[in-house]
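Coordinates from query.txt are shown below (compact mmCIF, C-alpha atoms).
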```txt
# COMPACT_ATOMS: atom_id res chain seq x y z
CA MET A 1 4.16 24.43 6.42
CA LYS A 2 1.95 21.34 6.50
CA GLY A 3 4.17 18.58 7.91
CA LEU A 4 4.72 17.29 11.46
CA ILE A 5 6.06 14.35 13.48
CA GLY A 6 4.15 12.46 16.14
CA LYS A 7 3.28 9.06 17.51
CA LYS A 8 0.35 6.68 17.30
CA LEU A 9 -1.67 6.40 20.51
CA GLY A 10 -4.25 3.86 19.40
CA MET A 11 -7.73 3.51 17.90
CA THR A 12 -11.20 4.42 19.10
CA SER A 13 -14.51 5.45 17.56
CA ILE A 14 -16.43 8.71 17.44
CA TYR A 15 -19.80 9.76 16.06
CA ASP A 16 -20.06 11.89 12.93
CA ASP A 17 -22.67 14.55 12.20
CA ASN A 18 -25.15 11.89 11.07
CA GLY A 19 -24.80 9.86 14.26
CA ALA A 20 -22.84 7.04 12.63
CA ALA A 21 -19.91 5.50 14.52
CA VAL A 22 -16.61 6.12 12.73
CA PRO A 23 -13.38 4.24 13.59
CA VAL A 24 -10.49 6.67 14.06
CA THR A 25 -6.79 6.52 14.86
CA VAL A 26 -5.58 8.97 17.51
CA LEU A 27 -2.19 10.57 16.86
CA GLU A 28 -0.26 12.76 19.27
CA VAL A 29 1.48 15.19 16.92
CA GLY A 30 4.07 17.82 17.81
CA PRO A 31 5.08 20.23 19.02
CA CYS A 32 8.13 20.10 16.75
CA VAL A 33 11.16 22.39 16.70
CA VAL A 34 12.84 23.68 13.54
CA VAL A 35 16.41 22.35 13.67
CA GLN A 36 17.63 23.27 10.19
CA ARG A 37 16.45 25.35 7.23
CA LYS A 38 17.71 24.39 3.78
CA ASP A 39 17.54 26.69 0.75
CA GLU A 40 18.09 26.26 -2.96
CA ALA A 41 21.18 28.47 -3.13
CA ARG A 42 23.15 26.48 -0.56
CA ASP A 43 21.60 23.01 -0.60
CA GLY A 44 19.94 22.77 -4.01
CA TYR A 45 16.38 22.56 -2.64
CA ASN A 46 14.10 24.15 -0.05
CA ALA A 47 13.30 22.13 3.06
CA VAL A 48 12.77 22.35 6.81
CA GLN A 49 14.19 19.83 9.27
CA LEU A 50 12.05 19.24 12.36
CA GLY A 51 12.93 17.60 15.67
CA TYR A 52 10.43 15.72 17.86
CA ALA A 53 10.60 14.29 21.40
CA GLU A 54 13.46 15.72 23.46
CA GLN A 55 16.33 13.34 24.14
CA LYS A 56 19.10 13.17 26.74
CA GLU A 57 22.39 14.38 25.28
CA ASP A 58 24.36 11.38 26.55
CA ARG A 59 22.25 9.12 24.32
CA LEU A 60 23.39 10.83 21.11
CA ASN A 61 26.61 10.39 19.16
CA LYS A 62 28.90 13.36 18.56
CA PRO A 63 27.77 14.20 15.00
CA LYS A 64 24.10 14.40 16.03
CA LEU A 65 24.91 16.32 19.20
CA GLY A 66 26.99 18.80 17.22
CA HIS A 67 24.12 19.24 14.75
CA TYR A 68 21.78 20.30 17.56
CA LYS A 69 24.34 22.54 19.24
CA LYS A 70 25.05 24.31 15.97
CA ALA A 71 21.34 25.07 15.67
CA GLY A 72 21.16 26.16 19.32
CA VAL A 73 18.19 23.90 20.13
CA GLU A 74 17.57 21.02 22.52
CA ALA A 75 18.50 17.51 21.39
CA HIS A 76 15.60 15.46 19.99
CA ARG A 77 15.02 11.77 19.44
CA VAL A 78 13.51 12.02 15.95
CA LEU A 79 14.56 14.14 12.96
CA ARG A 80 12.50 14.44 9.78
CA GLU A 81 12.81 16.69 6.75
CA PHE A 82 9.92 18.27 4.85
CA ARG A 83 10.05 19.99 1.47
CA VAL A 84 8.72 23.56 1.55
CA THR A 85 8.53 26.54 -0.78
CA ALA A 86 11.09 29.32 -0.74
CA ASP A 87 8.66 31.77 0.90
CA THR A 88 7.85 29.53 3.91
CA ASP A 89 8.22 31.77 6.96
CA VAL A 90 9.99 29.62 9.57
CA THR A 91 13.42 29.97 11.16
CA ILE A 92 15.64 27.77 13.31
CA GLY A 93 14.22 27.43 16.83
CA ASP A 94 10.59 28.04 15.84
CA VAL A 95 7.98 25.69 17.32
CA VAL A 96 5.49 24.15 14.87
CA ASP A 97 2.30 22.54 16.18
CA LEU A 98 -1.09 21.26 15.05
CA HIS A 99 -2.51 24.74 14.47
CA ALA A 100 -1.03 24.40 10.97
CA PHE A 101 -3.49 21.55 10.27
CA GLU A 102 -6.72 23.19 11.38
CA GLU A 103 -7.83 23.83 7.77
CA VAL A 104 -6.54 20.52 6.36
CA ASN A 105 -9.14 17.91 5.34
CA PHE A 106 -6.96 15.03 4.11
CA VAL A 107 -3.48 13.87 5.10
CA ASP A 108 -0.81 11.35 4.12
CA VAL A 109 0.73 9.38 6.99
CA VAL A 110 4.11 7.61 6.90
CA ALA A 111 4.63 4.93 9.56
CA THR A 112 6.64 1.76 10.16
CA GLY A 113 4.55 -1.39 9.95
CA LYS A 114 4.65 -4.08 12.62
CA GLY A 115 7.51 -6.56 12.29
CA ARG A 116 6.51 -10.20 11.69
CA GLY A 117 9.95 -11.78 11.71
CA PHE A 118 11.02 -14.51 9.27
CA GLN A 119 7.94 -15.86 7.50
CA GLY A 120 7.19 -18.36 4.76
CA VAL A 121 5.48 -17.65 1.45
CA VAL A 122 1.98 -18.61 2.63
CA LYS A 123 1.91 -15.90 5.29
CA ARG A 124 4.21 -13.44 3.51
CA TYR A 125 2.70 -13.54 0.01
CA ASP A 126 -0.55 -15.50 0.46
CA PHE A 127 0.59 -18.49 -1.61
CA GLY A 128 -1.97 -21.27 -1.90
CA GLY A 129 0.40 -24.00 -0.77
CA GLY A 130 0.08 -27.69 -1.57
CA ARG A 131 -2.50 -30.29 -0.66
CA ALA A 132 -2.85 -31.04 3.04
CA SER A 133 -3.72 -34.74 2.75
CA HIS A 134 -2.99 -37.97 0.83
CA GLY A 135 0.76 -37.86 1.24
CA GLY A 136 1.24 -34.15 0.55
CA GLY A 137 4.56 -33.22 2.15
CA TRP A 138 4.81 -29.69 0.72
CA LEU A 139 1.80 -28.00 2.30
CA ARG A 140 3.41 -24.58 2.93
CA ARG A 141 6.40 -24.74 0.61
CA THR A 142 7.33 -22.34 -2.18
CA GLY A 143 7.10 -24.70 -5.14
CA SER A 144 9.27 -24.13 -8.19
CA ILE A 145 11.60 -21.13 -7.95
CA GLY A 146 12.94 -21.33 -11.51
CA MET A 147 14.19 -23.46 -14.38
CA CYS A 148 17.09 -25.91 -14.23
CA GLU A 149 19.81 -25.73 -16.92
CA PHE A 150 18.70 -22.42 -18.46
CA PRO A 151 18.94 -19.78 -17.08
CA GLY A 152 20.38 -21.81 -14.20
CA ARG A 153 19.65 -19.20 -11.56
CA VAL A 154 16.83 -17.70 -9.52
CA PHE A 155 15.53 -14.43 -10.94
CA LYS A 156 15.79 -11.31 -8.78
CA GLY A 157 12.54 -10.42 -7.06
CA LYS A 158 11.32 -14.01 -6.82
CA LYS A 159 8.86 -14.33 -3.95
CA MET A 160 10.50 -16.50 -1.30
CA PRO A 161 10.56 -16.82 2.50
CA GLY A 162 12.18 -13.92 4.35
CA HIS A 163 11.76 -11.07 6.79
CA MET A 164 8.24 -9.66 6.85
CA GLY A 165 7.10 -6.24 8.04
CA SER A 166 9.10 -3.42 9.68
CA LYS A 167 8.88 -1.33 6.50
CA HIS A 168 8.00 2.32 5.99
CA VAL A 169 4.46 2.48 4.65
CA THR A 170 2.70 5.58 3.33
CA THR A 171 -1.09 5.66 3.65
CA GLN A 172 -2.60 8.36 1.46
CA ASN A 173 -5.74 10.49 1.49
CA LEU A 174 -6.86 9.81 5.07
CA LYS A 175 -9.73 11.99 6.22
CA VAL A 176 -9.15 14.26 9.22
CA MET A 177 -12.09 13.92 11.61
CA GLN A 178 -10.92 16.22 14.43
CA VAL A 179 -7.97 18.46 15.23
CA ARG A 180 -7.48 19.21 18.94
CA ALA A 181 -4.53 21.58 18.68
CA GLU A 182 -4.49 22.47 22.38
CA GLU A 183 -4.05 18.78 23.28
CA ASN A 184 -1.70 18.03 20.33
CA LEU A 185 -4.16 15.39 19.12
CA ILE A 186 -5.46 14.67 15.63
CA LEU A 187 -8.13 12.04 14.89
CA ILE A 188 -7.87 10.36 11.49
CA LYS A 189 -10.52 8.13 9.93
CA GLY A 190 -9.50 4.49 9.62
CA SER A 191 -6.27 2.76 10.56
CA ILE A 192 -2.60 3.43 9.93
CA PRO A 193 0.31 0.95 10.01
CA GLY A 194 2.43 0.24 13.07
CA ALA A 195 2.10 -0.45 16.76
CA ASN A 196 0.85 1.95 19.42
CA GLY A 197 3.64 4.34 20.36
CA GLY A 198 5.24 4.13 16.92
CA ILE A 199 6.65 7.26 15.29
CA VAL A 200 4.59 8.69 12.41
CA THR A 201 5.08 11.49 9.92
CA ILE A 202 1.99 13.39 8.88
CA LYS A 203 1.72 15.65 5.83
CA GLU A 204 -1.04 17.40 3.93
CA ALA A 205 -2.38 15.01 1.29
CA LEU A 206 -0.56 15.33 -2.02
CA LYS A 207 -3.35 13.99 -4.25
CA LYS A 208 -6.50 15.14 -2.44
CA LYS A 209 -7.44 18.42 -0.81
```

Rewrite the structure of this file - the entire thing - as structure tokens.
Amino acid sequence: MKGLIGKKLGMTSIYDDNGAAVPVTVLEVGPCVVVQRKDEARDGYNAVQLGYAEQKEDRLNKPKLGHYKKAGVEAHRVLREFRVTADTDVTIGDVVDLHAFEEVNFVDVVATGKGRGFQGVVKRYDFGGGRASHGGGWLRRTGSIGMCEFPGRVFKGKKMPGHMGSKHVTTQNLKVMQVRAEENLILIKGSIPGANGGIVTIKEALKKK
């Protein structure tokens, strides 16, 4: 299977075969433990549930703790599910690491972007704003948000001030520069969303091989 959980360590640069400096993001990925195996007969689809980063049992609620005890594995902080084919040869308790990615050239990474708090439309949506001089008192305001008598409401989806960031973002078709399976490190070209230390999910690229 070509899916794992890890965390973002930060960015650096390496040199490619032509001697050019390439910016890369360093991810510490795995090892992950198989916590649950789902099949089409019982669950309606084939999937594998992986656990990452062991957790103290007293920090889990009873449903989660019972889930781990039923599987007979250590409690973990992060659970993620990956779709697999019916012939995928993994069982509960197996350890999956970066050796599965040694032949992979491109990956998709899912991460949580940095939170920006409550922001206005200029920062959140790049609105132009109003004039900054000659009596302009609406420099960073929204402007019109709809008509008056008809329809007499604000349409859903209207861009307005609100919470910015802290969303799951998928970055596709990132090139794998290096896989250091013995160190649980993978170096990916370019940047990925989120802060250092943030949890990421890495999968083989869906659209590019």

Spatial neighbours of segment 159-172 of chain A, max dist 10 Å, only C-alpha atoms, sep filter under 4 positions, as a PyMOL selection string: chain A and resi 106-125+127+141-143+145+155+191-194+200-208

Minimum-distance residue to Val176 of chain A, chosen among A:Glu54, A:Lys38, A:Phe150, A:Val26 (using all atoms listed in the file): A:Val26

12 Å contact set for Asn61 of chain A, all atoms listed in the file, chain neighbours under 6 positions out, as JSON, numbers by chain: {"A": [55, 67, 68, 75, 77]}

With C-alpha atoms retained, export the selected residues as an mmCIF file, keeping the file's coordinate frame.
```
data_model
loop_
_atom_site.group_PDB
_atom_site.id
_atom_site.type_symbol
_atom_site.label_atom_id
_atom_site.label_comp_id
_atom_site.auth_asym_id
_atom_site.auth_seq_id
_atom_site.Cartn_x
_atom_site.Cartn_y
_atom_site.Cartn_z
ATOM 1 C CA GLN A 55 16.330 13.340 24.140
ATOM 2 C CA HIS A 67 24.120 19.240 14.750
ATOM 3 C CA TYR A 68 21.780 20.300 17.560
ATOM 4 C CA ALA A 75 18.500 17.510 21.390
ATOM 5 C CA ARG A 77 15.020 11.770 19.440
#
```

Near-Leu65 of chain A list (12 Å; all atoms listed in the file; drop same-chain fewer than 3 positions) as number ranges by chain: A: 35, 55-62, 68-77

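A cut-off of 12 Å from the point (-16.1, 6.8, 10.7), with only C-alpha atoms, picks out the residues A:Met11, A:Thr12, A:Ser13, A:Ile14, A:Tyr15, A:Asp16, A:Asp17, A:Asn18, A:Gly19, A:Ala20, A:Ala21, A:Val22, A:Pro23, A:Val24, A:Thr25, A:Leu174, A:Lys175, A:Val176, A:Met177, A:Gln178, A:Leu187, A:Ile188, A:Lys189, A:Gly190, A:Ser191.
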
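In this structure, atom CA of Ala195 of chain A sits 27.9 Å away from atom CA of Gly157 of chain A.
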
Polymer residues at most 10 Å from Tyr52 of chain A, all atoms listed in the file, same-chain spacing of 3 or more positions, as a list in words: Leu4, Ile5, Gly6, Lys7, Val29, Gly30, Pro31, Cys32, Val33, Val34, Val35, Gln55, Ala75, His76, Arg77, Val78, Leu79, Arg80 and Ile199 of chain A

Report the closest atom pair, with its distance in Å rounded to one decimal, for each residue of segment 65-170 of chain A that has an atom no farther than 10 Å from segment 42-48 of chain A; count all atoms listed in the file, sort by chain and then rising residue number, and write it as CSV.
```
residue,atom,partner,partner_atom,distance
A:Arg80,CA,A:Val48,CA,8.5
A:Glu81,CA,A:Val48,CA,5.7
A:Phe82,CA,A:Val48,CA,5.3
A:Arg83,CA,A:Ala47,CA,4.2
A:Val84,CA,A:Ala47,CA,5.0
A:Thr85,CA,A:Asn46,CA,6.1
A:Ala86,CA,A:Asn46,CA,6.0
A:Asp87,CA,A:Asn46,CA,9.4
A:Thr88,CA,A:Asn46,CA,9.1
A:Val90,CA,A:Val48,CA,8.3
A:Thr91,CA,A:Val48,CA,8.8
A:Ile92,CA,A:Val48,CA,8.9
```

Save the residues we just selected, C-alpha atoms, as a tab-separated table (two decimals), in the coordinates of the input?
```
chain	number	residue	atom	x	y	z
A	80	ARG	CA	12.50	14.44	9.78
A	81	GLU	CA	12.81	16.69	6.75
A	82	PHE	CA	9.92	18.27	4.85
A	83	ARG	CA	10.05	19.99	1.47
A	84	VAL	CA	8.72	23.56	1.55
A	85	THR	CA	8.53	26.54	-0.78
A	86	ALA	CA	11.09	29.32	-0.74
A	87	ASP	CA	8.66	31.77	0.90
A	88	THR	CA	7.85	29.53	3.91
A	90	VAL	CA	9.99	29.62	9.57
A	91	THR	CA	13.42	29.97	11.16
A	92	ILE	CA	15.64	27.77	13.31
```

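When atom CA of Lys64 of chain A is paired with atom CA of Ala100 of chain A, their separation reads 27.5 Å.
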
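Coordinates place atom CA of Lys2 of chain A at a distance of 18.6 Å from atom CA of Ala53 of chain A.
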
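When only C-alpha atoms are used to compute distances to Gly197 of chain A, the closest of the residues A:Gly3, A:Gly51, A:Gly130, A:Gly10 turns out to be A:Gly10.
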
Distance criterion (only C-alpha atoms): nearest to Asp97 of chain A out of A:Gln36, A:Leu9, A:Leu50, A:His134: A:Leu50
